[in-house]
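Asks: If you scroll down you'll find the structure; I have some questions about it.
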Amino acid sequence: MNDAVTANRSENTRPEPARPEPARYDFAQAEPRWQSAWNTQGCFRAPDVPDGSKPKYYVLEMFPYPSGKIHMGHVRNYTLGDVVARYKRARGHQVMHPMGWDAFGLPAENAARERGVHPAKWTYQNIATMRAELQRMGLSLEWEREFATCDPSYYGQQQKLFLEFMKAGLAERKESWVNWDPVDNTVLANEQVIDGRGWRSGALVEKKKLSQWFLSITKFAPELLAGLDTLDRWPERVRLMQANWIGRSEGARVRFDLETPVDGLTQVEVFTTRPDTLFGMSFLAVAAEHPLAAAAAARNPRIAEFITEVRSLGTSEAAIEQAEKRGIDTGIRVKHPFNGQTYPVWIANFVLMEYGTGAIFGCPSGDQRDLDFARKYDLPVPPVVLPPGADPASFAIGDTAFTDDGTLFNSDFLDGKGTADGKRAAIDALEAQGAGQGVVNWRLRDWGVSRQRYWGCPIPVIHCDDCGAVPVPQDQLPVVLPEDVDFSKPGNPLDNHPTWKHVACPGCGKPARRETDTFDTFVDSSWYFARFTSPKAETPVVPAAANAWLPVDQYIGGIEHAILHLLYSRFFTRGLASMGHLKTPEPFAGLFTQGMVQHASYKSQDGRWLAPDEVEPTADGGAVETATGLSVTISRNDKMSKSKRNTIDPGSIIDRYGADTARWFILSDNPPDRDMEWTEAGASGAARFSQRLYRTTAGAVGSLPVPGTMPAEGVGRDLRRVTHRTIAAVTEALETFAFNVAVARIHEFANAIEAAGAEDGAARREALETMARLVGPMMPHLAEEMWSLLRPDEKTLVAQLAWPESDASLAAADSVTLAVQVLGKLRSTLAVPIGTDEATVFALAEADENVQRAIAGRPIRKRIHVPGRIVNFVV
RNA sequence: GCCCGUGUGGUGGAAUGGUAGACACGAACGACUCAAAAUCGUUUGCUUAACGGCAUGCCAGUUCGAGUCUGGCCACGGGUACCA
């Protein structure tokens, strides 16, 4: 409001200049106009089932969490997707490009606790704000398909799917550990555990065992691994990360008899990938959650204390693995299946109960972690693998374990065998004496989907003392969240609700309790892409629509989702396929992962974070705080975050420069898979370029021949060559997500059009019309404005035009510049007509003055000629 | 810790194993202007008087030729199963 008053006053006091302003593109007026033109024409509507007249193309960006306002990461993500969507439409595809909201999650509950806003109200308000912001960006989205995962019409269908997973044997109840805050009486997410303490209460975190729902993703482990080979339009690194995460490994399970049974336990089983090194054993280590650890703790308070300490690390693998490696001897001993000797059983904080059997045998000479542990606790380090060429008499392990392949020694019947033979022989021996067997182990664990939270999809199950966990009957779905919930009490508001959970058992009618856990929000995002194909259906998906549109042809989102979201979606899709909802086993045929958006952050001398508009740049590249004039510390390349106050609000950028400029800068700055830095200078540079394109077009239209005039043979040859080369180059760049290169080629094109001048009107018209169409996917509003200047009598929209074709004969060059090297160093260049024969090229190159000086009379031993590229003389 | 990436001028970056720095931002100077904004032009990796030399995180290697391929380091980023 204050801003508007100031603006009016300054307009009144400063009169308009007398001479006319040069033509200036008024984005504020033009952008809404073109957006409404696209909507009126229905440019972005896709049929429920494509009619087959055009190939289908499903473009999808990862849907946003409605956190409040859109941020630059969203602008980048949705701009990238929009370029693809618009480009594919121009290439003749039937494109579906939907948008929705990943609307359940923790921040809404945090807002409820901190500010007393109901999560639903907070979420739907955020959605309204963010939808408006996305619409201002001019994205070619089909808003008719929009939904939020917190809509009962969505999560009710998800509940149906869960019941089908149960029926198919793909959901089960198991016990698992959670982070427990004993002061707030609440389960903590890993990110809410800071240095082993609850983020709000500061209490030391405990681990607590809860009975929870799991989806059986491990049943699909072999398929999920093998399926990666079919994803040839996924980044290699994402496939690698997923393969490592699934973690197939071949090895053995080995059973060790306890020397003396403890609490009825007589054996402990370990998993190892190196059964060949069993003779290098020094100790056996179990996880703190292992039954043997519990048995040992029951007799020794020091062990119990150690286990408590280990539990205070919480459940995050990063925290556990980075903690100092520690252990405690239980006093229990086990017998070696091969040599009959006994070894101590330790409890170690780096052994994970979730992996393998929760127990390992320690071979310090062949495993670095075991070696560090053995050195720390002074355990023996018997070497058993001899590196190639080493002397068995003198070989000893220092501080580095030998983990490569070698020859076994000190290993009884395995002596002399290589690593692979040794593994096989050890497994044969284990199987022969019934002490173990060869197995394939997977790192992947089942997917725990229970969350002790309110703002999520209720798990549609009723617990009955007599009937157990009973599915909610179909006719009682959806199980809707109660609205009257109390966030002032600690714990799960659903569980605290006075009446909601009390229901009759659908099986026997006796009083029973609703499940008060809700689903992990990754469940919501594991099938939304399928729901978009039939967003209003009374079934989760309509097979005809899903099978016609899926898989997603191009999925775009952050690299941070490389494993969890993408793997869960792949699993869920396989589940849906096995239950007949759809056919494709893989949800995303093409994947592009974008980098983050960063911005410089500023810190004052007294340590306060300053927002970008609170500082001013100085001549030396530094900055000062505007209010105080004191210099500030600048840190470049910081992830945009509220805590560092370095976020740039896309809304204010669009107000200032327009949507096209924001889109153009974000595309031009760097390759989209890298992290980018938002800079003021870059944004204003992009704004200048968009004005320049408009000016060039507006300035030329008066002198152009009528539309459709073909350039005469040979006229405007140079400009036409640039035009057709640019079409080819931009097309290639868009196909490969090299959007920053497309922008560079368009800059060069603009330079060439301006340099060409006005004389060849038809070639100039061709160039300008091509320009409007090439920038169409990137700056769609400006493209329409240019097109309407160039074709004032037509009603066609760039959004409806076909992509320009490059004429190879017009794009061809007739001469080429070769680099001439002597001993690989550049000494001269040589311009020759295309197709000059090799002998002539060598003769011309050798005659060159600089080349002669470099050769310095030495005899030429070898002549290398790569046509069109280089000549190299080896002397 | 483990898995996966990234590293090129003042800045963002370009470059099928073949002229490193395209294109842009910034800066400096100039034109236009009473002045400014806008716009246009010139210069701009380091070094050298010049010839030339040195330059793609660091150290090796393969090759006629390496930013690109291989090995070993360093720094930074993503993930690490309850942030989304």
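Chain labels follow the order of the structure tokens: the first chain is A, the next B, and so on; residue numbering restarts at 1 in every chain, and ligands are counted from 1 in their shown order.
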Produce a table with one row for each residue of region 422-537 of chain A that has an atom at most 9 Å from any atom of region 58-81 of chain B, each row naming the nearest atom pair and its distance in Å at one decimal; use only C-alpha atoms (C1' of nucleotides); arrange rows by chain and rising residue number; format as a Markdown table.
Replies:
| residue | atom | partner | partner_atom | distance |
| --- | --- | --- | --- | --- |
| A:Leu444 | CA | B:A81 | C1' | 8.7 |
| A:Arg445 | CA | B:A81 | C1' | 7.8 |
| A:Trp447 | CA | B:A81 | C1' | 7.8 |
| A:Gly448 | CA | B:A81 | C1' | 8.6 |
Asks: With a distance cut-off of 9 Å and only C-alpha atoms (C1' of nucleotides), select the neighbouring residues of Gly251 (chain A), excluding the residue or stretch itself and same-chain residues fewer than 4 positions from it, and output the selection as a PyMOL selection string.
Replies: chain A and resi 271-275+423+427+437-441
Asks: Taking only C-alpha atoms (C1' of nucleotides) into account and nothing else, which residues of chain B lie no more than 6 Å away from chain A? Please answer as a PyMOL selection string.
Replies: chain B and resi 1+4+12+18-19+23+25+65+78+80+82
Asks: Just the selected residues (C-alpha atoms (C1' of nucleotides)), exported as a JSON list (two decimals), in the first residue's frame, please.
Replies:
[["chain", "number", "residue", "atom", "x", "y", "z"],
["B", 1, "G", "C1'", 31.92, -43.51, 7.88],
["B", 4, "C", "C1'", 26.95, -40.84, -5.90],
["B", 12, "G", "C1'", 28.01, -18.33, -14.97],
["B", 18, "G", "C1'", 41.55, -32.32, -32.40],
["B", 19, "U", "C1'", 42.33, -24.07, -32.55],
["B", 23, "C", "C1'", 27.75, -17.10, -25.50],
["B", 25, "C", "C1'", 27.35, -11.30, -16.83],
["B", 65, "G", "C1'", 47.38, -34.58, -29.46],
["B", 78, "G", "C1'", 23.54, -34.65, -2.72],
["B", 80, "U", "C1'", 22.31, -42.19, 4.10],
["B", 82, "C", "C1'", 10.81, -40.65, 9.98]]
Asks: Which of region 359-494 of chain A end up as strand (DSSP E or B) when DSSP is run on this backbone - answer as a list in words?
Replies: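 Strand (DSSP E or B) assignments inside region 359-494 of chain A correspond to Ala359, Ile360, Phe361, Gly362, Val385, Leu386, Thr407, Leu408, Gly418, Gly436, Gln437, Gly438, Val439, Val440, Asn441, Trp442, Trp447, Gly448, Ser450, Arg451, Pro458, Val461, Ile462, His463, Cys464, Gly468, Ala469, Val470 and Pro471 of chain A.
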Asks: Store the residues picked out above in a file with N, CA and C atoms, as a PDB file, in the first residue's frame.
Replies:
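Final output, saved to again.pdb:
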ATOM      1  N   ALA A 359      24.814 -59.437  13.003  1.00  0.00           N
ATOM      2  CA  ALA A 359      26.041 -59.938  13.633  1.00  0.00           C
ATOM      3  C   ALA A 359      27.086 -60.149  12.550  1.00  0.00           C
ATOM      4  N   ILE A 360      28.337 -59.936  12.889  1.00  0.00           N
ATOM      5  CA  ILE A 360      29.426 -60.137  11.938  1.00  0.00           C
ATOM      6  C   ILE A 360      30.532 -60.937  12.614  1.00  0.00           C
ATOM      7  N   PHE A 361      31.355 -61.586  11.767  1.00  0.00           N
ATOM      8  CA  PHE A 361      32.595 -62.074  12.366  1.00  0.00           C
ATOM      9  C   PHE A 361      33.681 -61.082  12.000  1.00  0.00           C
ATOM     10  N   GLY A 362      34.529 -60.745  12.916  1.00  0.00           N
ATOM     11  CA  GLY A 362      35.534 -59.721  12.680  1.00  0.00           C
ATOM     12  C   GLY A 362      36.812 -60.329  12.139  1.00  0.00           C
ATOM     13  N   VAL A 385      45.091 -63.305   3.922  1.00  0.00           N
ATOM     14  CA  VAL A 385      45.134 -63.087   2.475  1.00  0.00           C
ATOM     15  C   VAL A 385      46.467 -62.432   2.148  1.00  0.00           C
ATOM     16  N   LEU A 386      47.214 -63.116   1.263  1.00  0.00           N
ATOM     17  CA  LEU A 386      48.537 -62.639   0.888  1.00  0.00           C
ATOM     18  C   LEU A 386      48.416 -61.838  -0.411  1.00  0.00           C
ATOM     19  N   THR A 407      46.058 -64.428  -2.285  1.00  0.00           N
ATOM     20  CA  THR A 407      46.158 -65.873  -2.072  1.00  0.00           C
ATOM     21  C   THR A 407      46.001 -66.166  -0.583  1.00  0.00           C
ATOM     22  N   LEU A 408      45.157 -67.173  -0.281  1.00  0.00           N
ATOM     23  CA  LEU A 408      44.902 -67.494   1.127  1.00  0.00           C
ATOM     24  C   LEU A 408      46.075 -68.235   1.754  1.00  0.00           C
ATOM     25  N   GLY A 418      42.826 -68.840  -4.388  1.00  0.00           N
ATOM     26  CA  GLY A 418      42.555 -67.428  -4.612  1.00  0.00           C
ATOM     27  C   GLY A 418      41.275 -67.035  -3.889  1.00  0.00           C
ATOM     28  N   GLY A 436      26.379 -73.624   7.862  1.00  0.00           N
ATOM     29  CA  GLY A 436      26.058 -72.412   7.125  1.00  0.00           C
ATOM     30  C   GLY A 436      25.758 -72.736   5.688  1.00  0.00           C
ATOM     31  N   GLN A 437      25.477 -71.678   4.898  1.00  0.00           N
ATOM     32  CA  GLN A 437      25.230 -71.892   3.488  1.00  0.00           C
ATOM     33  C   GLN A 437      25.470 -70.599   2.713  1.00  0.00           C
ATOM     34  N   GLY A 438      25.718 -70.781   1.432  1.00  0.00           N
ATOM     35  CA  GLY A 438      25.870 -69.612   0.581  1.00  0.00           C
ATOM     36  C   GLY A 438      24.521 -68.925   0.409  1.00  0.00           C
ATOM     37  N   VAL A 439      24.496 -67.601   0.491  1.00  0.00           N
ATOM     38  CA  VAL A 439      23.236 -66.868   0.334  1.00  0.00           C
ATOM     39  C   VAL A 439      23.485 -65.589  -0.455  1.00  0.00           C
ATOM     40  N   VAL A 440      22.391 -65.082  -1.018  1.00  0.00           N
ATOM     41  CA  VAL A 440      22.425 -63.741  -1.590  1.00  0.00           C
ATOM     42  C   VAL A 440      21.793 -62.828  -0.561  1.00  0.00           C
ATOM     43  N   ASN A 441      22.471 -61.765  -0.207  1.00  0.00           N
ATOM     44  CA  ASN A 441      21.952 -60.817   0.776  1.00  0.00           C
ATOM     45  C   ASN A 441      21.636 -59.500   0.073  1.00  0.00           C
ATOM     46  N   TRP A 442      20.597 -58.822   0.547  1.00  0.00           N
ATOM     47  CA  TRP A 442      20.222 -57.513  -0.011  1.00  0.00           C
ATOM     48  C   TRP A 442      20.333 -56.474   1.074  1.00  0.00           C
ATOM     49  N   TRP A 447       9.918 -51.334   3.625  1.00  0.00           N
ATOM     50  CA  TRP A 447       9.589 -49.913   3.732  1.00  0.00           C
ATOM     51  C   TRP A 447       8.586 -49.698   4.873  1.00  0.00           C
ATOM     52  N   GLY A 448       9.075 -49.116   5.956  1.00  0.00           N
ATOM     53  CA  GLY A 448       8.206 -48.811   7.088  1.00  0.00           C
ATOM     54  C   GLY A 448       7.362 -47.591   6.761  1.00  0.00           C
ATOM     55  N   SER A 450       4.476 -46.545   8.659  1.00  0.00           N
ATOM     56  CA  SER A 450       3.688 -45.992   9.761  1.00  0.00           C
ATOM     57  C   SER A 450       4.357 -44.747  10.328  1.00  0.00           C
ATOM     58  N   ARG A 451       3.542 -43.712  10.533  1.00  0.00           N
ATOM     59  CA  ARG A 451       4.047 -42.488  11.165  1.00  0.00           C
ATOM     60  C   ARG A 451       3.082 -42.119  12.285  1.00  0.00           C
ATOM     61  N   PRO A 458      -4.723 -41.543   6.892  1.00  0.00           N
ATOM     62  CA  PRO A 458      -4.952 -42.562   7.921  1.00  0.00           C
ATOM     63  C   PRO A 458      -4.790 -43.975   7.346  1.00  0.00           C
ATOM     64  N   VAL A 461      -7.091 -49.401   9.037  1.00  0.00           N
ATOM     65  CA  VAL A 461      -7.076 -50.681   9.739  1.00  0.00           C
ATOM     66  C   VAL A 461      -7.694 -50.468  11.119  1.00  0.00           C
ATOM     67  N   ILE A 462      -8.383 -51.501  11.619  1.00  0.00           N
ATOM     68  CA  ILE A 462      -8.953 -51.464  12.966  1.00  0.00           C
ATOM     69  C   ILE A 462      -8.358 -52.607  13.769  1.00  0.00           C
ATOM     70  N   HIS A 463      -7.893 -52.302  14.965  1.00  0.00           N
ATOM     71  CA  HIS A 463      -7.274 -53.324  15.809  1.00  0.00           C
ATOM     72  C   HIS A 463      -8.296 -53.864  16.806  1.00  0.00           C
ATOM     73  N   CYS A 464      -8.428 -55.175  16.771  1.00  0.00           N
ATOM     74  CA  CYS A 464      -9.412 -55.831  17.652  1.00  0.00           C
ATOM     75  C   CYS A 464      -8.658 -56.851  18.499  1.00  0.00           C
ATOM     76  N   GLY A 468      -7.503 -59.235  15.697  1.00  0.00           N
ATOM     77  CA  GLY A 468      -6.227 -58.716  15.230  1.00  0.00           C
ATOM     78  C   GLY A 468      -6.406 -57.459  14.387  1.00  0.00           C
ATOM     79  N   ALA A 469      -5.525 -57.256  13.407  1.00  0.00           N
ATOM     80  CA  ALA A 469      -5.610 -56.075  12.536  1.00  0.00           C
ATOM     81  C   ALA A 469      -6.590 -56.365  11.413  1.00  0.00           C
ATOM     82  N   VAL A 470      -7.727 -55.656  11.436  1.00  0.00           N
ATOM     83  CA  VAL A 470      -8.799 -55.912  10.475  1.00  0.00           C
ATOM     84  C   VAL A 470      -8.895 -54.743   9.506  1.00  0.00           C
ATOM     85  N   PRO A 471      -8.922 -55.020   8.190  1.00  0.00           N
ATOM     86  CA  PRO A 471      -9.064 -53.926   7.221  1.00  0.00           C
ATOM     87  C   PRO A 471     -10.403 -53.210   7.403  1.00  0.00           C
TER      88      PRO A 471
END
Asks: Using only C-alpha atoms (C1' of nucleotides), which residue out of B:A15, B:G5, B:C29, B:C83 lies closest to U44 (chain B)?
Replies: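 The closest residue to U44 (chain B) is B:C29.
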Asks: Excluding Asp486 (chain A) and its own-chain neighbours fewer than 5 positions away, which residues fall within 9 Å of it when counting only C-alpha atoms (C1' of nucleotides)? Please give them as an mmCIF file with all heavy atoms, in the first residue's frame.
Replies:
data_model
loop_
_atom_site.group_PDB
_atom_site.id
_atom_site.type_symbol
_atom_site.label_atom_id
_atom_site.label_comp_id
_atom_site.auth_asym_id
_atom_site.auth_seq_id
_atom_site.Cartn_x
_atom_site.Cartn_y
_atom_site.Cartn_z
ATOM 1 N N PRO A 493 -1.918 -36.332 17.783
ATOM 2 C CA PRO A 493 -3.273 -35.838 18.033
ATOM 3 C C PRO A 493 -4.353 -36.860 17.678
ATOM 4 O O PRO A 493 -5.422 -36.853 18.291
ATOM 5 C CB PRO A 493 -3.378 -34.611 17.126
ATOM 6 C CG PRO A 493 -1.977 -34.196 16.872
ATOM 7 C CD PRO A 493 -1.161 -35.438 16.890
ATOM 8 N N LEU A 494 -4.093 -37.711 16.722
ATOM 9 C CA LEU A 494 -5.085 -38.727 16.373
ATOM 10 C C LEU A 494 -5.267 -39.692 17.536
ATOM 11 O O LEU A 494 -6.373 -40.122 17.848
ATOM 12 C CB LEU A 494 -4.614 -39.531 15.153
ATOM 13 C CG LEU A 494 -4.945 -38.991 13.781
ATOM 14 C CD1 LEU A 494 -4.569 -40.031 12.734
ATOM 15 C CD2 LEU A 494 -6.423 -38.649 13.685
ATOM 16 N N ASN A 496 -4.614 -38.988 20.608
ATOM 17 C CA ASN A 496 -5.151 -38.247 21.754
ATOM 18 C C ASN A 496 -6.630 -37.906 21.598
ATOM 19 O O ASN A 496 -7.274 -37.491 22.545
ATOM 20 C CB ASN A 496 -4.388 -36.926 21.932
ATOM 21 C CG ASN A 496 -2.947 -37.164 22.341
ATOM 22 O OD1 ASN A 496 -2.612 -38.223 22.880
ATOM 23 N ND2 ASN A 496 -2.086 -36.193 22.083
ATOM 24 N N HIS A 497 -7.144 -38.010 20.387
ATOM 25 C CA HIS A 497 -8.535 -37.602 20.127
ATOM 26 C C HIS A 497 -9.482 -38.441 20.993
ATOM 27 O O HIS A 497 -9.321 -39.652 21.106
ATOM 28 C CB HIS A 497 -8.854 -37.802 18.643
ATOM 29 C CG HIS A 497 -10.125 -37.155 18.219
ATOM 30 N ND1 HIS A 497 -11.347 -37.733 18.435
ATOM 31 C CD2 HIS A 497 -10.360 -35.968 17.605
ATOM 32 C CE1 HIS A 497 -12.289 -36.922 17.951
ATOM 33 N NE2 HIS A 497 -11.708 -35.851 17.446
#
Asks: Tell me which protein, DNA and RNA residues are within 10 Å of Asp466 (chain A), counting only C-alpha atoms (C1' of nucleotides), leaving out same-chain ones fewer than 3 positions away, and put them as a count of residues only.
Replies: 7
Asks: U42 (chain B): which residues within 12 Å, counting only C-alpha atoms (C1' of nucleotides), same-chain residues fewer than 5 positions away excluded, as number ranges by chain?
Replies: B: 28-31
Asks: Can you pull out the residues contacting Lys335 (chain A)? Cut-off 7 Å, using only C-alpha atoms (C1' of nucleotides), and skip same-chain residues under 4 positions away; I want them as a list in words.
Replies: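 Listing them by chain and then by number gives Phe256, Asp257, Leu258, Glu259, Gly340, Gln341, Thr342 and Tyr343 of chain A.
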Asks: Quick one: everything within 9 Å of Ala783 (chain A), counting only C-alpha atoms (C1' of nucleotides), minus sequence neighbours fewer than 6 positions away in the same chain. Send it as a count of residues only.
Replies: 10
